[in-house]
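> So that we are looking at the same thing, I have put the structure below in C-alpha cells.
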Amino acid sequence: MTGDPKVWNARRPCPQCGAVSVQTVHKGRYVLPTDHPLDPVVHVVACAGCGFCFNDTPNAREDYDRYYRDISKYADPRLSSGSGAVVEDRERLRDTASDIRDFAGGTDQRILDIGCGAGGLLDSLAEFGFRSLSGMDPAPACAAAVSERGHRGVVGTLDNHPLDPGAFDGVILSHVLEHVRDVPAALASVARLLTPQGWLYVEVPDAARYGECLIAPFQDFNLEHINHFSAATLHNALNACGWETVRNGSKTLPLPHGRRYPAIFAFSRPAGSLAALQDLGTRDALGAYVALSAEFMQRIDQRLQQSVAGQRVVVWGVGQLTMRLLGESTLGDADIAVFVDSNPVHHGRTLAGRPIVAPHALASHVDADTPIVIGSLVNLESIEASIRNHGLCNPIIRLVAMESA
Ligand SMILES: [Zn+2]
C-alpha cells in the first residue's frame with residue numbers, strides 16, 4: 001500500500017481487537033438480484049490498530065443468516081464445495097481428515113463440523129474410522145444431505161442451534177470463520193459446545209497469498225469473505241478470544257483444472273486470554289493483490305467494450321463475478337436481454353431489472369443469434385458444453401481471449 005491512507009471510523013468494529021479506526025484497502029460495487037439481503041458495496045479495510053483486514057459492512061448477523069439460508073450457493077448441496085463430489089475436493093478433504101486424525105488422538109471422539117455443506121469432510125473422517133460425526137449447516141438441504149450420508153445432520157447457526165453444551169470433543173470450522181460477522185461471539189459459541197479438553201480446527205483462506213492464486217479479479221473481496229486472515233492474524237484472533245494454537249500451518253488447496261487456492265489452518269484449545277500482536281504484512285499483501293486485480297479487471301473491460309457494444313446479449317451465470325462486472329465494468333451498460341443460471345434459487349428473481357431464467361427457458365427469451373457472455377473465468381469448457389447440451393447454438397463471448405483462458 002502506498003502513501004498514508006486516511007484513517008476513518010468503520011461501522012463494523014475490528015473482529016480481532018474491537019477498534020473502529022480503519023484505513024481503506026479497496027472499495028468495490030456489485031449489482032445484486034432482487035430480495036438480496038446484503039449491501040452491494042464491498043469495502044475492505046485494515047484496522048489502524050492491529051492491522052487485521054476485514055470488510056466494513058452495514059449488514060447485521062441476521063442479514064448474513066438469511067443470505068446463507070436462502071440465497072447462497074451452499075444451500076444447494078450439488079453446488080457447494082466440500083461435497084467431495086469432484087476429485088480435487090475429495091483429495092483436499094482427505095488431507096484435512098488425515099490431519100484431524102493425527103491430532104485428535106482417537107476415533108471415538110465426538111466431532112462436529114460447523115458449516116458442513118453437503119458433508120464431504122464428515123465422509124472423509126468416517127473413512128478414517130471416526131463414528132460419532134455431526135454436521136451443522138444453516139441450509140436444511142445440507143443438513144438433510146448429511147443425514148442421508150449416515151451422519152447426524154443439524155440445521156443451525158453458531159448462535160441458534162439445538163446442540164447441548166459440552167457435547168463434543170472436537171469442532172471443525174473449515175472455511176467458515178472468514179464468513180463470520182462477529183468472530184469473538186462465534187468462538188465463544190464454539191467453546192460452549194466443547195468439553196473442557198476439547199479442540200478446535202480452523203481453516204481459512206490465506207489473505208497474504210491471495211495474489212498467488214488469482215483466478216478472477218477481486219475474487220476474494222466478495223460479499224461472503226468478510227474477514228481476511230493471514231497466519232499471524234488467525235493466531236492473533238484465536239489468542240484474543242482465549243484459544244491457544246497448538247499446531248498450525250499453511251496449505252495450497254487443489255482445485256479443478258490445475259487451479260490452486262491458498263489456505264492456513266490451526267488446531268487450538270481453550271486457554272484463557274493471550275496477548276495479540278500487530279500485523280501489517282497482510283495489509284501490504286492485499287495492496288499488491290488490489291493492483292493485480294485492477295489490471296485484470298481492466299483487461300476484461302477492454303474485451304467487453306469490443307464484444308458487447310451495440311448489441312443485445314445474454315449473460316450466463318449470476319455469480320460474484322457477474323455481479324461485480326455489472327457494478328464496475330462495461331457490462332453494467334450493456335443491452336442485456338436476460339440472465340441465465342442453473343441454480344434454482346435465482347429463478348424468478350431479477351438482476352439489474354432483467355429476469356434470471358433457467359438454461360432450458362432461454363430459447364423462449366432470445367433468438368439463436370444473440371451472443372451469450374459467460375460470466376465466469378473457470379470451468380469454461382464445461383459451461384460451453386452445457387450451453388450446447390441445452391440445444392443452444394448462440395455465439396459465445398468469453399471474458400478473456402481463448403489463448404489465455
Ligand atoms: Zn484491530
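Identifiers for the C-alpha cells are assigned positionally: chains receive A, B, ... in sequence, residues are indexed from 1 per chain, and ligands are indexed from 1 in the order shown.
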At a cut-off of 9 Å and counting only C-alpha atoms and all ligand atoms, what residues surround ligand 1? Please answer as a ChimeraX atom specification.
/A:13-22,46-53,278
> Write out, as a Markdown table, each residue of region 196-261 of chain A that has an atom at most 8 Å from region 320-336 of chain A, together with the closest pair of atoms and their distance in Å to one decimal, counting only C-alpha atoms, rows going by chain and rising number.

```
| residue | atom | partner | partner_atom | distance |
| --- | --- | --- | --- | --- |
| A:Ala216 | CA | A:Leu321 | CA | 7.4 |
| A:Gln219 | CA | A:Leu321 | CA | 7.3 |
| A:Asn222 | CA | A:Gln320 | CA | 7.0 |
| A:Leu223 | CA | A:Gln320 | CA | 7.9 |
```
> Compile the contact shell of Asp35 (chain A) as a ChimeraX atom specification: residues with an atom at most 10 Å away, counting only C-alpha atoms, same-chain residues fewer than 3 positions apart removed.
/A:32,38,67,71,349-351
> Between A:Val183, A:Val202, A:Leu112, A:Ala191, which one has atoms that come closest to Ile226 (chain A), using only C-alpha atoms?
A:Val183
> Please provide the set of residues having any atom within 7 Å of Ile111 (chain A), restricted to only C-alpha atoms, with same-chain residues fewer than 2 positions apart removed, written as a PyMOL selection string.
chain A and resi 109+113+132-134+168-171
> Write the residues of the preceding selection, restricted to N, CA and C atoms, as an mmCIF file, in the first residue's frame.

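Once written, part23.cif looks like this:
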```cif
data_model
loop_
_atom_site.group_PDB
_atom_site.id
_atom_site.type_symbol
_atom_site.label_atom_id
_atom_site.label_comp_id
_atom_site.auth_asym_id
_atom_site.auth_seq_id
_atom_site.Cartn_x
_atom_site.Cartn_y
_atom_site.Cartn_z
ATOM 1 N N GLN A 109 -13.681 -40.001 19.322
ATOM 2 C CA GLN A 109 -14.013 -38.616 19.632
ATOM 3 C C GLN A 109 -15.295 -38.181 18.919
ATOM 4 N N ASP A 113 -18.803 -30.748 12.652
ATOM 5 C CA ASP A 113 -18.346 -29.884 11.561
ATOM 6 C C ASP A 113 -19.390 -28.786 11.370
ATOM 7 N N SER A 132 -18.593 -40.998 15.521
ATOM 8 C CA SER A 132 -19.550 -40.061 16.117
ATOM 9 C C SER A 132 -19.404 -38.704 15.436
ATOM 10 N N LEU A 133 -20.053 -38.584 14.294
ATOM 11 C CA LEU A 133 -19.850 -37.406 13.439
ATOM 12 C C LEU A 133 -21.151 -36.644 13.257
ATOM 13 N N SER A 134 -21.078 -35.334 13.506
ATOM 14 C CA SER A 134 -22.240 -34.472 13.322
ATOM 15 C C SER A 134 -21.868 -33.320 12.409
ATOM 16 N N PHE A 168 -19.209 -32.084 22.520
ATOM 17 C CA PHE A 168 -18.236 -32.520 21.503
ATOM 18 C C PHE A 168 -16.794 -32.461 22.023
ATOM 19 N N ASP A 169 -15.982 -33.388 21.512
ATOM 20 C CA ASP A 169 -14.546 -33.396 21.811
ATOM 21 C C ASP A 169 -13.781 -32.536 20.816
ATOM 22 N N GLY A 170 -14.352 -32.376 19.621
ATOM 23 C CA GLY A 170 -13.683 -31.576 18.601
ATOM 24 C C GLY A 170 -14.694 -30.843 17.734
ATOM 25 N N VAL A 171 -14.382 -29.595 17.383
ATOM 26 C CA VAL A 171 -15.233 -28.813 16.480
ATOM 27 C C VAL A 171 -14.386 -28.359 15.289
#
```
> Please extract the residues of region 167-367 of chain A with a backbone DSSP assignment of helix (DSSP H, G or I) and present them as a PyMOL selection string.
chain A and resi 177-179+183-193+207-213+231-240+256-258+281-308+320-328+330-333+344-346+359-364
> Just want the 12 Å neighbourhood of Pro162 (chain A), counted on only C-alpha atoms, with same-chain residues fewer than 4 positions away dropped. Output as a VMD selection string.
chain A and resid 136 to 137 153 to 158 167 193
> Using all heavy atoms, can you write the selected residues to a file as a PDB file, in the first residue's frame?

```
ATOM      1  N   MET A 136     -23.392 -29.422  11.116  1.00  0.00           N
ATOM      2  CA  MET A 136     -24.431 -28.401  11.270  1.00  0.00           C
ATOM      3  C   MET A 136     -24.314 -27.399  10.126  1.00  0.00           C
ATOM      4  O   MET A 136     -23.217 -26.985   9.765  1.00  0.00           O
ATOM      5  CB  MET A 136     -24.273 -27.680  12.611  1.00  0.00           C
ATOM      6  CG  MET A 136     -25.347 -26.617  12.849  1.00  0.00           C
ATOM      7  SD  MET A 136     -25.458 -26.146  14.583  1.00  0.00           S
ATOM      8  CE  MET A 136     -24.026 -25.093  14.757  1.00  0.00           C
ATOM      9  N   ASP A 137     -25.446 -27.005   9.576  1.00  0.00           N
ATOM     10  CA  ASP A 137     -25.453 -26.047   8.472  1.00  0.00           C
ATOM     11  C   ASP A 137     -26.763 -25.270   8.522  1.00  0.00           C
ATOM     12  O   ASP A 137     -27.797 -25.823   8.912  1.00  0.00           O
ATOM     13  CB  ASP A 137     -25.331 -26.800   7.130  1.00  0.00           C
ATOM     14  CG  ASP A 137     -24.817 -25.896   6.023  1.00  0.00           C
ATOM     15  OD1 ASP A 137     -25.627 -25.119   5.467  1.00  0.00           O
ATOM     16  OD2 ASP A 137     -23.603 -25.931   5.744  1.00  0.00           O
ATOM     17  N   GLY A 153     -27.164 -34.889  10.995  1.00  0.00           N
ATOM     18  CA  GLY A 153     -27.314 -33.584  10.335  1.00  0.00           C
ATOM     19  C   GLY A 153     -28.170 -32.660  11.180  1.00  0.00           C
ATOM     20  O   GLY A 153     -29.241 -33.050  11.635  1.00  0.00           O
ATOM     21  N   VAL A 154     -27.678 -31.452  11.418  1.00  0.00           N
ATOM     22  CA  VAL A 154     -28.384 -30.496  12.279  1.00  0.00           C
ATOM     23  C   VAL A 154     -28.538 -29.182  11.524  1.00  0.00           C
ATOM     24  O   VAL A 154     -27.566 -28.681  10.953  1.00  0.00           O
ATOM     25  CB  VAL A 154     -27.581 -30.239  13.580  1.00  0.00           C
ATOM     26  CG1 VAL A 154     -28.271 -29.214  14.455  1.00  0.00           C
ATOM     27  CG2 VAL A 154     -27.345 -31.537  14.329  1.00  0.00           C
ATOM     28  N   VAL A 155     -29.743 -28.616  11.532  1.00  0.00           N
ATOM     29  CA  VAL A 155     -29.948 -27.284  10.971  1.00  0.00           C
ATOM     30  C   VAL A 155     -29.658 -26.272  12.066  1.00  0.00           C
ATOM     31  O   VAL A 155     -30.251 -26.350  13.154  1.00  0.00           O
ATOM     32  CB  VAL A 155     -31.393 -27.091  10.461  1.00  0.00           C
ATOM     33  CG1 VAL A 155     -31.580 -25.686   9.893  1.00  0.00           C
ATOM     34  CG2 VAL A 155     -31.734 -28.142   9.402  1.00  0.00           C
ATOM     35  N   GLY A 156     -28.750 -25.343  11.807  1.00  0.00           N
ATOM     36  CA  GLY A 156     -28.482 -24.353  12.837  1.00  0.00           C
ATOM     37  C   GLY A 156     -27.321 -23.454  12.476  1.00  0.00           C
ATOM     38  O   GLY A 156     -26.614 -23.679  11.485  1.00  0.00           O
ATOM     39  N   THR A 157     -27.155 -22.408  13.288  1.00  0.00           N
ATOM     40  CA  THR A 157     -26.023 -21.495  13.151  1.00  0.00           C
ATOM     41  C   THR A 157     -25.314 -21.448  14.505  1.00  0.00           C
ATOM     42  O   THR A 157     -25.826 -21.991  15.496  1.00  0.00           O
ATOM     43  CB  THR A 157     -26.484 -20.082  12.783  1.00  0.00           C
ATOM     44  OG1 THR A 157     -27.325 -19.598  13.844  1.00  0.00           O
ATOM     45  CG2 THR A 157     -27.278 -20.071  11.481  1.00  0.00           C
ATOM     46  N   LEU A 158     -24.176 -20.774  14.557  1.00  0.00           N
ATOM     47  CA  LEU A 158     -23.403 -20.750  15.787  1.00  0.00           C
ATOM     48  C   LEU A 158     -24.186 -20.170  16.967  1.00  0.00           C
ATOM     49  O   LEU A 158     -23.977 -20.564  18.106  1.00  0.00           O
ATOM     50  CB  LEU A 158     -22.113 -19.951  15.568  1.00  0.00           C
ATOM     51  CG  LEU A 158     -20.961 -20.782  15.008  1.00  0.00           C
ATOM     52  CD1 LEU A 158     -19.873 -19.887  14.444  1.00  0.00           C
ATOM     53  CD2 LEU A 158     -20.399 -21.697  16.085  1.00  0.00           C
ATOM     54  N   ALA A 167     -20.993 -31.052  24.345  1.00  0.00           N
ATOM     55  CA  ALA A 167     -21.358 -32.321  23.705  1.00  0.00           C
ATOM     56  C   ALA A 167     -20.277 -32.868  22.778  1.00  0.00           C
ATOM     57  O   ALA A 167     -20.399 -33.987  22.295  1.00  0.00           O
ATOM     58  CB  ALA A 167     -22.665 -32.158  22.932  1.00  0.00           C
ATOM     59  N   LEU A 193     -19.672 -25.488  23.123  1.00  0.00           N
ATOM     60  CA  LEU A 193     -20.046 -26.813  22.596  1.00  0.00           C
ATOM     61  C   LEU A 193     -19.016 -27.888  22.949  1.00  0.00           C
ATOM     62  O   LEU A 193     -19.287 -29.080  22.834  1.00  0.00           O
ATOM     63  CB  LEU A 193     -20.177 -26.734  21.067  1.00  0.00           C
ATOM     64  CG  LEU A 193     -21.416 -26.012  20.545  1.00  0.00           C
ATOM     65  CD1 LEU A 193     -21.283 -25.693  19.068  1.00  0.00           C
ATOM     66  CD2 LEU A 193     -22.662 -26.868  20.789  1.00  0.00           C
TER      67      LEU A 193
END
```
> Pick out the residues sitting within 8 Å of Arg131 (chain A), and hand them over as a list in words; count only C-alpha atoms, and ignore anything fewer than 3 positions along from it in its own chain.
Thr107, Asp108, Arg110 and Ala126 of chain A
> What's the 12 Å shell around His360 (chain A), counting only C-alpha atoms, without same-chain residues fewer than 5 positions away, as a list in words?
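Surrounding residues, per the criterion: Val340, Asp341, Ser342, Pro344, His347, His365, Val366, Ser386, Ile387, Arg388, Asn389, His390, Gly391 and Leu392 of chain A.
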> Selected residues, C-alpha atoms, written as an mmCIF file, in the first residue's frame, please.

```
data_model
loop_
_atom_site.group_PDB
_atom_site.id
_atom_site.type_symbol
_atom_site.label_atom_id
_atom_site.label_comp_id
_atom_site.auth_asym_id
_atom_site.auth_seq_id
_atom_site.Cartn_x
_atom_site.Cartn_y
_atom_site.Cartn_z
ATOM 1 C CA VAL A 340 -29.272 -17.488 -17.206
ATOM 2 C CA ASP A 341 -28.280 -19.571 -14.190
ATOM 3 C CA SER A 342 -28.733 -23.239 -13.413
ATOM 4 C CA PRO A 344 -32.965 -22.707 -8.977
ATOM 5 C CA HIS A 347 -35.118 -18.283 -10.840
ATOM 6 C CA HIS A 365 -36.491 -15.309 -24.499
ATOM 7 C CA VAL A 366 -33.971 -14.683 -27.305
ATOM 8 C CA SER A 386 -23.696 -27.254 -21.009
ATOM 9 C CA ILE A 387 -24.856 -24.426 -23.293
ATOM 10 C CA ARG A 388 -24.599 -26.700 -26.347
ATOM 11 C CA ASN A 389 -26.223 -29.592 -24.464
ATOM 12 C CA HIS A 390 -29.261 -27.376 -23.971
ATOM 13 C CA GLY A 391 -29.523 -27.213 -27.762
ATOM 14 C CA LEU A 392 -28.368 -23.580 -27.882
#
```
> Grab the CA of Ile397 (chain A) to CA of Val314 (chain A) distance for me, in Å with one decimal place.
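Taking CA of Ile397 (chain A) and CA of Val314 (chain A), their separation equals 9.7 Å.
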> Have a look at A:Ala358, A:Pro371, A:His346, A:Ala294 and name the one nearest to Arg312 (chain A); count only C-alpha atoms.
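Between A:Ala358, A:Pro371, A:His346, A:Ala294, the residue approaching Arg312 (chain A) most closely is A:Pro371.
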> How many Å lie between CA of Asp164 (chain A) and CA of Asp102 (chain A), rounded to one decimal?
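According to the coordinates, CA of Asp164 (chain A) and CA of Asp102 (chain A) are separated by 26.2 Å.
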> So, with only C-alpha atoms as the atoms that count, which of A:Gly120, A:Gly105, A:Gly353, A:Pro256 lies closest to Val31 (chain A)?
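Looking only at the distances to Val31 (chain A), the closest residue turns out to be A:Gly353.
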